[in-house]
file protein.txt (compact mmCIF, C-alpha atoms)
# COMPACT_ATOMS: atom_id res chain seq x y z
CA MET T 1 -7.27 15.17 0.33
CA PRO T 2 -10.03 16.66 -1.88
CA PRO T 3 -13.04 14.39 -2.50
CA ARG T 4 -12.94 12.39 -5.70
CA LYS T 5 -15.27 13.60 -8.48
CA PRO T 6 -17.90 10.98 -9.35
CA GLY T 7 -16.95 8.77 -12.27
CA THR T 8 -13.28 9.76 -12.23
CA LEU T 9 -10.16 7.70 -11.61
CA LEU T 10 -7.30 8.63 -9.33
CA PRO T 11 -3.90 9.00 -11.05
CA LEU T 12 -2.68 5.69 -9.59
CA GLU T 13 -5.81 3.87 -10.76
CA ALA T 14 -5.26 5.27 -14.26
CA ASP T 15 -1.60 4.17 -14.05
CA VAL T 16 -2.69 0.66 -13.08
CA LEU T 17 -5.04 0.41 -16.05
CA THR T 18 -2.50 1.70 -18.58
CA ALA T 19 0.23 -0.59 -17.20
CA ALA T 20 -2.19 -3.55 -17.35
CA MET T 21 -3.09 -2.67 -20.91
CA SER T 22 0.58 -2.47 -21.94
CA ASN T 23 1.11 -5.84 -20.32
CA HIS T 24 -1.89 -7.28 -22.14
CA ARG T 25 -0.67 -5.97 -25.49
CA ALA T 26 2.73 -7.51 -24.78
CA GLY T 27 0.98 -10.89 -24.58
CA GLN T 28 0.81 -11.22 -20.79
CA ALA T 29 -2.78 -10.93 -19.65
CA ALA T 30 -2.16 -11.62 -15.95
CA PHE T 31 -0.10 -9.50 -13.58
CA HIS T 32 0.61 -9.46 -9.84
CA GLY T 33 1.08 -6.77 -7.22
CA PHE T 34 4.85 -6.36 -7.14
CA GLY T 35 5.16 -6.80 -10.91
CA LEU T 36 2.63 -4.02 -11.32
CA ALA T 37 4.54 -1.75 -8.92
CA ARG T 38 7.65 -2.31 -11.07
CA MET T 39 5.74 -1.59 -14.29
CA ILE T 40 4.35 1.65 -12.89
CA GLN T 41 7.80 2.68 -11.66
CA GLU T 42 9.27 2.07 -15.11
CA GLN T 43 6.46 3.87 -16.93
CA SER T 44 6.52 6.91 -14.65
CA GLY T 45 10.28 7.02 -14.15
CA ALA T 46 9.73 7.29 -10.37
CA ARG T 47 12.59 6.48 -8.01
CA SER T 48 10.47 4.55 -5.52
CA LEU T 49 7.94 1.76 -5.83
CA THR T 50 4.27 2.39 -5.12
CA ALA T 51 3.45 1.88 -1.42
CA HIS T 52 1.76 -1.36 -0.37
CA GLY T 53 -1.36 0.27 1.03
CA THR T 54 -1.87 2.58 -1.92
CA LEU T 55 -1.32 -0.14 -4.50
CA TYR T 56 -3.61 -2.80 -3.03
CA LYS T 57 -6.32 -0.28 -2.18
CA ALA T 58 -6.32 0.86 -5.82
CA LEU T 59 -6.45 -2.76 -7.05
CA ASN T 60 -9.40 -3.45 -4.71
CA ARG T 61 -11.29 -0.45 -6.00
CA LEU T 62 -10.71 -1.30 -9.65
CA GLU T 63 -11.92 -4.83 -8.94
CA GLU T 64 -15.04 -3.47 -7.22
CA LEU T 65 -15.69 -1.30 -10.28
CA GLY T 66 -15.54 -4.42 -12.46
CA LEU T 67 -12.46 -3.21 -14.35
CA LEU T 68 -10.19 -5.96 -13.01
CA THR T 69 -10.71 -9.54 -11.99
CA SER T 70 -8.36 -11.60 -9.82
CA ASP T 71 -7.68 -15.11 -8.65
CA TRP T 72 -4.98 -16.99 -6.76
CA GLU T 73 -2.18 -18.52 -8.77
CA ASP T 74 -2.27 -22.29 -9.11
CA PRO T 75 0.10 -23.47 -6.32
CA ALA T 76 1.55 -26.06 -8.70
CA GLY T 77 2.75 -23.23 -10.95
CA ALA T 78 4.63 -21.36 -8.19
CA PRO T 79 8.32 -22.17 -7.60
CA THR T 80 9.13 -23.80 -4.25
CA GLY T 81 9.51 -21.27 -1.47
CA ARG T 82 7.60 -18.46 -3.14
CA PRO T 83 4.13 -17.66 -1.76
CA ARG T 84 1.37 -17.95 -4.35
CA ARG T 85 0.52 -14.76 -6.15
CA ARG T 86 -2.81 -13.06 -6.59
CA LEU T 87 -3.09 -12.65 -10.36
CA TYR T 88 -5.09 -9.78 -11.84
CA GLN T 89 -6.50 -9.37 -15.34
CA LEU T 90 -8.31 -6.59 -17.15
CA THR T 91 -11.96 -7.32 -17.83
CA ALA T 92 -13.51 -6.35 -21.19
CA GLN T 93 -14.85 -3.21 -19.51
CA GLY T 94 -11.41 -2.59 -18.00
CA MET T 95 -9.81 -2.69 -21.46
CA HIS T 96 -12.37 -0.24 -22.76
CA VAL T 97 -11.74 2.12 -19.84
CA ALA T 98 -7.95 1.73 -20.18
CA ASP T 99 -8.21 2.89 -23.80
CA ARG T 100 -10.31 5.83 -22.69
CA VAL T 101 -7.77 6.70 -19.96
CA VAL T 102 -5.06 7.05 -22.60
CA ALA T 103 -7.32 9.29 -24.70
CA ASP T 104 -8.31 11.38 -21.66
CA ARG T 105 -4.71 11.88 -20.62
CA THR T 106 -3.64 12.79 -24.14
CA ALA T 107 -6.42 15.38 -24.26
CA GLY T 108 -5.45 16.69 -20.81
CA ARG T 109 -8.70 15.53 -19.19
CA ILE T 110 -9.14 13.77 -15.84
CA PRO T 111 -9.40 10.01 -16.61
CA ARG T 112 -12.91 8.60 -16.11
CA PHE T 113 -14.39 5.15 -15.80
CA ALA T 114 -17.92 6.35 -16.50
CA PRO T 115 -19.19 8.91 -18.99
CA GLY T 116 -19.14 12.45 -17.64
CA PRO T 117 -22.19 14.67 -17.14
CA ALA T 118 -23.63 15.96 -20.40
CA MET R 1 20.43 -15.04 0.55
CA THR R 2 18.05 -12.82 2.47
CA THR R 3 19.86 -10.49 4.82
CA ARG R 4 18.97 -9.52 8.35
CA LEU R 5 17.79 -5.92 8.12
CA ALA R 6 15.64 -6.59 5.07
CA ASP R 7 14.10 -9.62 6.78
CA ARG R 8 13.30 -7.57 9.86
CA ALA R 9 11.74 -4.85 7.74
CA ALA R 10 9.57 -7.42 5.96
CA HIS R 11 8.59 -8.91 9.32
CA LEU R 12 7.56 -5.46 10.56
CA VAL R 13 5.37 -4.98 7.49
CA VAL R 14 3.66 -8.33 8.12
CA ARG R 15 3.03 -7.32 11.73
CA TRP R 16 1.50 -4.05 10.59
CA VAL R 17 -0.78 -5.92 8.15
CA ARG R 18 -1.87 -8.26 10.96
CA CYS R 19 -2.60 -5.20 13.09
CA TYR R 20 -4.84 -3.36 10.64
CA THR R 21 -6.63 -6.48 9.41
CA ARG R 22 -7.53 -7.53 12.97
CA GLN R 23 -11.28 -8.13 13.42
CA LEU R 24 -11.89 -8.10 9.67
CA PRO R 25 -13.63 -11.06 8.01
CA VAL R 26 -11.09 -13.91 7.83
CA ALA R 27 -11.18 -14.19 4.03
CA VAL R 28 -10.53 -10.45 3.59
CA ALA R 29 -7.72 -10.38 6.17
CA GLU R 30 -6.02 -13.51 4.80
CA ARG R 31 -6.17 -12.25 1.25
CA ARG R 32 -4.48 -8.97 2.17
CA LEU R 33 -1.86 -10.73 4.30
CA ASP R 34 -1.05 -13.31 1.61
CA GLU R 35 -0.80 -10.62 -1.07
CA ILE R 36 1.58 -8.52 1.01
CA ARG R 37 3.67 -11.57 1.94
CA CYS R 38 4.06 -12.43 -1.73
CA ASP R 39 4.82 -8.81 -2.60
CA LEU R 40 7.53 -8.70 0.08
CA HIS R 41 9.03 -11.97 -1.18
CA ASP R 42 9.13 -10.63 -4.76
CA HIS R 43 10.48 -7.26 -3.60
CA LEU R 44 13.36 -8.79 -1.59
CA ALA R 45 14.20 -11.21 -4.42
CA TYR R 46 14.22 -8.38 -6.96
CA GLU R 47 16.44 -6.09 -4.87
CA GLN R 48 18.87 -8.88 -4.03
CA ALA R 49 19.09 -9.91 -7.68
CA ARG R 50 20.12 -6.38 -8.63
CA GLY R 51 22.74 -6.34 -5.89
CA ALA R 52 21.16 -3.76 -3.57
CA ARG R 53 22.67 -3.46 -0.09
CA ASP R 54 20.82 -4.87 2.90
CA GLY R 55 20.14 -1.47 4.46
CA ARG R 56 18.92 -0.04 1.17
CA ILE R 57 16.49 -2.97 0.74
CA ALA R 58 15.18 -2.53 4.29
CA LEU R 59 14.69 1.19 3.69
CA SER R 60 12.83 0.53 0.46
CA VAL R 61 10.51 -1.97 2.17
CA LEU R 62 9.85 0.31 5.16
CA SER R 63 9.33 3.29 2.90
CA ARG R 64 6.62 1.42 0.98
CA MET R 65 4.94 0.53 4.26
CA ALA R 66 5.15 4.05 5.72
CA ARG R 67 3.86 5.78 2.58
CA GLY R 68 0.90 3.39 2.48
CA LEU R 69 -0.18 3.80 6.12
CA PRO R 70 -2.99 6.31 5.39
CA ALA R 71 -4.34 4.13 2.56
CA ASP R 72 -4.23 1.06 4.84
CA ALA R 73 -6.19 2.90 7.52
CA ILE R 74 -8.78 4.18 5.01
CA TRP R 75 -9.18 0.73 3.42
CA ARG R 76 -9.62 -0.86 6.83
CA GLY R 77 -12.12 1.79 7.93
CA ARG R 78 -14.16 1.30 4.78
CA ILE R 79 -14.53 -2.45 5.33
CA ARG R 80 -15.12 -2.22 9.04
CA PRO R 81 -14.89 1.02 11.00
CA TRP R 82 -12.27 1.10 13.75
CA THR R 83 -13.76 0.07 17.07
CA GLY R 84 -12.45 -1.23 20.37
CA ASP R 85 -11.08 0.59 23.35
CA ILE R 86 -9.18 3.78 22.90
CA VAL R 87 -5.96 2.36 24.37
CA LYS R 88 -5.69 -0.22 21.58
CA SER R 89 -6.26 2.46 18.94
CA PHE R 90 -3.68 4.63 20.66
CA ALA R 91 -1.16 1.78 20.67
CA ALA R 92 -1.72 1.14 16.96
CA VAL R 93 -1.20 4.80 16.06
CA LEU R 94 1.82 4.97 18.35
CA ALA R 95 3.32 1.93 16.59
CA ALA R 96 2.69 3.56 13.22
CA GLY R 97 4.34 6.79 14.43
CA LEU R 98 7.37 4.88 15.70
CA ALA R 99 7.64 3.02 12.39
CA LEU R 100 7.54 6.35 10.54
CA ALA R 101 10.24 7.77 12.81
CA ALA R 102 12.39 4.65 12.29
CA VAL R 103 12.13 5.01 8.51
CA GLY R 104 13.03 8.68 8.91
CA VAL R 105 16.17 7.86 10.91
CA LEU R 106 17.18 5.21 8.35
CA ALA R 107 16.61 7.67 5.50
CA ILE R 108 18.82 10.26 7.22
CA LEU R 109 21.55 7.70 7.87
CA TYR R 110 21.59 6.38 4.32
CA GLY R 111 21.05 9.82 2.81
CA SER R 112 24.08 11.14 4.71
CA GLY R 113 26.18 8.12 3.72
CA ASP R 114 25.29 8.45 0.04
CA ASP R 115 25.42 12.24 0.02
CA SER R 116 21.72 12.44 -0.94
CA PRO R 117 20.22 15.65 0.50
CA GLY R 118 16.77 14.63 -0.85
CA LEU R 119 16.78 11.44 1.17
CA VAL R 120 17.89 13.32 4.30
CA LEU R 121 15.05 15.79 3.77
CA ILE R 122 12.56 12.92 3.44
CA GLY R 123 13.92 11.49 6.69
CA VAL R 124 13.49 14.80 8.50
CA LEU R 125 9.94 15.15 7.14
CA LEU R 126 9.07 11.62 8.28
CA ILE R 127 10.31 12.31 11.79
CA VAL R 128 8.40 15.60 11.93
CA GLY R 129 5.32 13.73 10.63
CA ALA R 130 5.72 11.05 13.29
CA PHE R 131 6.00 13.74 15.96
CA ALA R 132 2.83 15.43 14.64
CA ILE R 133 0.98 12.09 14.72
CA GLY R 134 2.12 11.57 18.32
CA VAL R 135 0.97 15.02 19.44
CA ARG R 136 -2.38 14.72 17.64
CA THR R 137 -3.01 11.22 19.02
CA GLY R 138 -2.12 12.29 22.54
CA HIS R 139 -4.48 15.25 22.23
CA ARG R 140 -7.33 13.09 20.91
CA ARG R 141 -6.71 10.48 23.57
CA GLY R 142 -6.98 13.18 26.22
CA GLN R 143 -10.28 14.33 24.72
CA GLY R 144 -11.57 10.74 24.65
CA VAL R 145 -10.68 10.14 28.30
CA SER R 146 -12.39 13.41 29.29
CA ARG R 147 -15.52 12.46 27.36
CA ARG R 148 -15.65 9.05 29.04
CA ARG R 149 -15.21 10.61 32.48
CA ASN R 150 -17.97 13.12 31.78
CA ALA R 151 -20.25 10.33 30.55
CA GLU R 152 -19.56 8.26 33.68
CA HIS R 153 -20.28 11.23 35.99
CA SER R 154 -23.51 12.24 34.24

call {"tool": "encode", "arguments": {"input": "protein.txt", "output": "structure tokens"}}
result
Amino acid sequence: MPPRKPGTLLPLEADVLTAAMSNHRAGQAAFHGFGLARMIQEQSGARSLTAHGTLYKALNRLEELGLLTSDWEDPAGAPTGRPRRRLYQLTAQGMHVADRVVADRTAGRIPRFAPGPA
Amino acid sequence: MTTRLADRAAHLVVRWVRCYTRQLPVAVAERRLDEIRCDLHDHLAYEQARGARDGRIALSVLSRMARGLPADAIWRGRIRPWTGDIVKSFAAVLAAGLALAAVGVLAILYGSGDDSPGLVLIGVLLIVGAFAIGVRTGHRRGQGVSRRRNAEHS
């Protein structure tokens, strides 16, 4: 796999941000891993769901970049028998970057989370 | 009701997560395990609700695991580089190769049954990939053993 260019997002990371933004605009700020995999599948029209390792690695990286924040679901809110979910939300910076991702993709540029070299 | 093959596939995924999170800080390992457990629960519930067959659900779960193996290994290596004796590493890679081959066989079976040449092709590619992993691992293991012998003799 070629090395990632500094300041750029991988396609899956860009997909995560745009799906999270769509979710946010639909009035649901928080999302969880499997729900996100479903959203990405619907948006991309793919036949298969994103792999576990790929999905959670991307979520970890976006959290490290400060674009997402996460916390465990309140156990009282989870139905009996279902493990508690890790709920993710876009940060203010994440929303800003998600908007830029849409603009970058529309313009045919590689999505970035940081401004490119002048 | 959760069916047998899908349950076994989910169990295999949990075992794989336990394997690659071994020797990581407890909080990091538990978080990954709990997230995957919840994901598997949601995945099985979703597929059952839409009436998917047991074998199809198992294949979908195993496919997600197999396609994510490289990312799992990279994530793990970034948090704490792989250490330990070479036999344990060999066993882990062998298990991953066998899992890949199993998914390949399932894909061929279901692809043939549903007349899906694409799925059969994926199955063949997975088995070839598993074979390549096995050959490469065996080769690297041989090199590692030689290096250790040389180090002991010098």

call {"tool": "atom_distance", "arguments": {"input": "protein.txt", "atom1": "atom CA of Pro81 of chain R", "atom2": "atom CA of Pro25 of chain R"}}
result
12.5 Å

call {"tool": "closest_atom_pairs", "arguments": {"input": "protein.txt", "of": "chain R", "to": "chain T", "cutoff": "6 Å", "atoms": "all atoms listed in the file", "output": "JSON lines"}}
result
{"residue": "R:Cys38", "atom": "CA", "partner": "T:Pro83", "partner_atom": "CA", "distance": 5.2}
{"residue": "R:Asp39", "atom": "CA", "partner": "T:Phe34", "partner_atom": "CA", "distance": 5.2}
{"residue": "R:Arg64", "atom": "CA", "partner": "T:Ala51", "partner_atom": "CA", "distance": 4.0}
{"residue": "R:Met65", "atom": "CA", "partner": "T:His52", "partner_atom": "CA", "distance": 5.9}
{"residue": "R:Arg67", "atom": "CA", "partner": "T:Ala51", "partner_atom": "CA", "distance": 5.6}
{"residue": "R:Gly68", "atom": "CA", "partner": "T:Gly53", "partner_atom": "CA", "distance": 4.1}
{"residue": "R:Ala71", "atom": "CA", "partner": "T:Gly53", "partner_atom": "CA", "distance": 5.1}
{"residue": "R:Asp72", "atom": "CA", "partner": "T:Gly53", "partner_atom": "CA", "distance": 4.8}

call {"tool": "atom_distance", "arguments": {"input": "protein.txt", "atom1": "atom CA of Gly129 of chain R", "atom2": "atom CA of Ala73 of chain R"}}
result
16.1 Å

call {"tool": "residues_near_point", "arguments": {"input": "protein.txt", "point": "(-10.7, -2.1, -11.0)", "cutoff": "9 Å", "atoms": "all atoms listed in the file", "output": "MDAnalysis selection string"}}
result
chainID T and resid 13 16:17 58:69 90:91 94

call {"tool": "atom_distance", "arguments": {"input": "protein.txt", "atom1": "atom CA of Gly123 of chain R", "atom2": "atom CA of Ala102 of chain R"}}
result
9.0 Å

call {"tool": "closest_residue", "arguments": {"input": "protein.txt", "among": "T:Ala30, T:Met21, T:Leu36, T:Leu10", "to": "Tyr88 of chain T", "atoms": "only C-alpha atoms"}}
result
T:Ala30

call {"tool": "residues_around", "arguments": {"input": "protein.txt", "residues": "Pro111 of chain T", "least_positions_apart": "5", "cutoff": "8 Å", "atoms": "all atoms listed in the file", "output": "number ranges by chain"}}
result
T: 8-11, 14, 100-102, 104-105

call {"tool": "residues_near_point", "arguments": {"input": "protein.txt", "point": "(-7.3, -9.9, 8.2)", "cutoff": "9 Å", "atoms": "only C-alpha atoms", "output": "list in words"}}
result
Val17, Arg18, Cys19, Tyr20, Thr21, Arg22, Gln23, Leu24, Pro25, Val26, Ala27, Val28, Ala29, Glu30, Arg31, Arg32 and Leu33 of chain R

call {"tool": "closest_residue", "arguments": {"input": "protein.txt", "among": "T:His24, T:Ala98, T:Gly45, T:Ile110", "to": "Pro6 of chain T", "atoms": "only C-alpha atoms"}}
result
T:Ile110
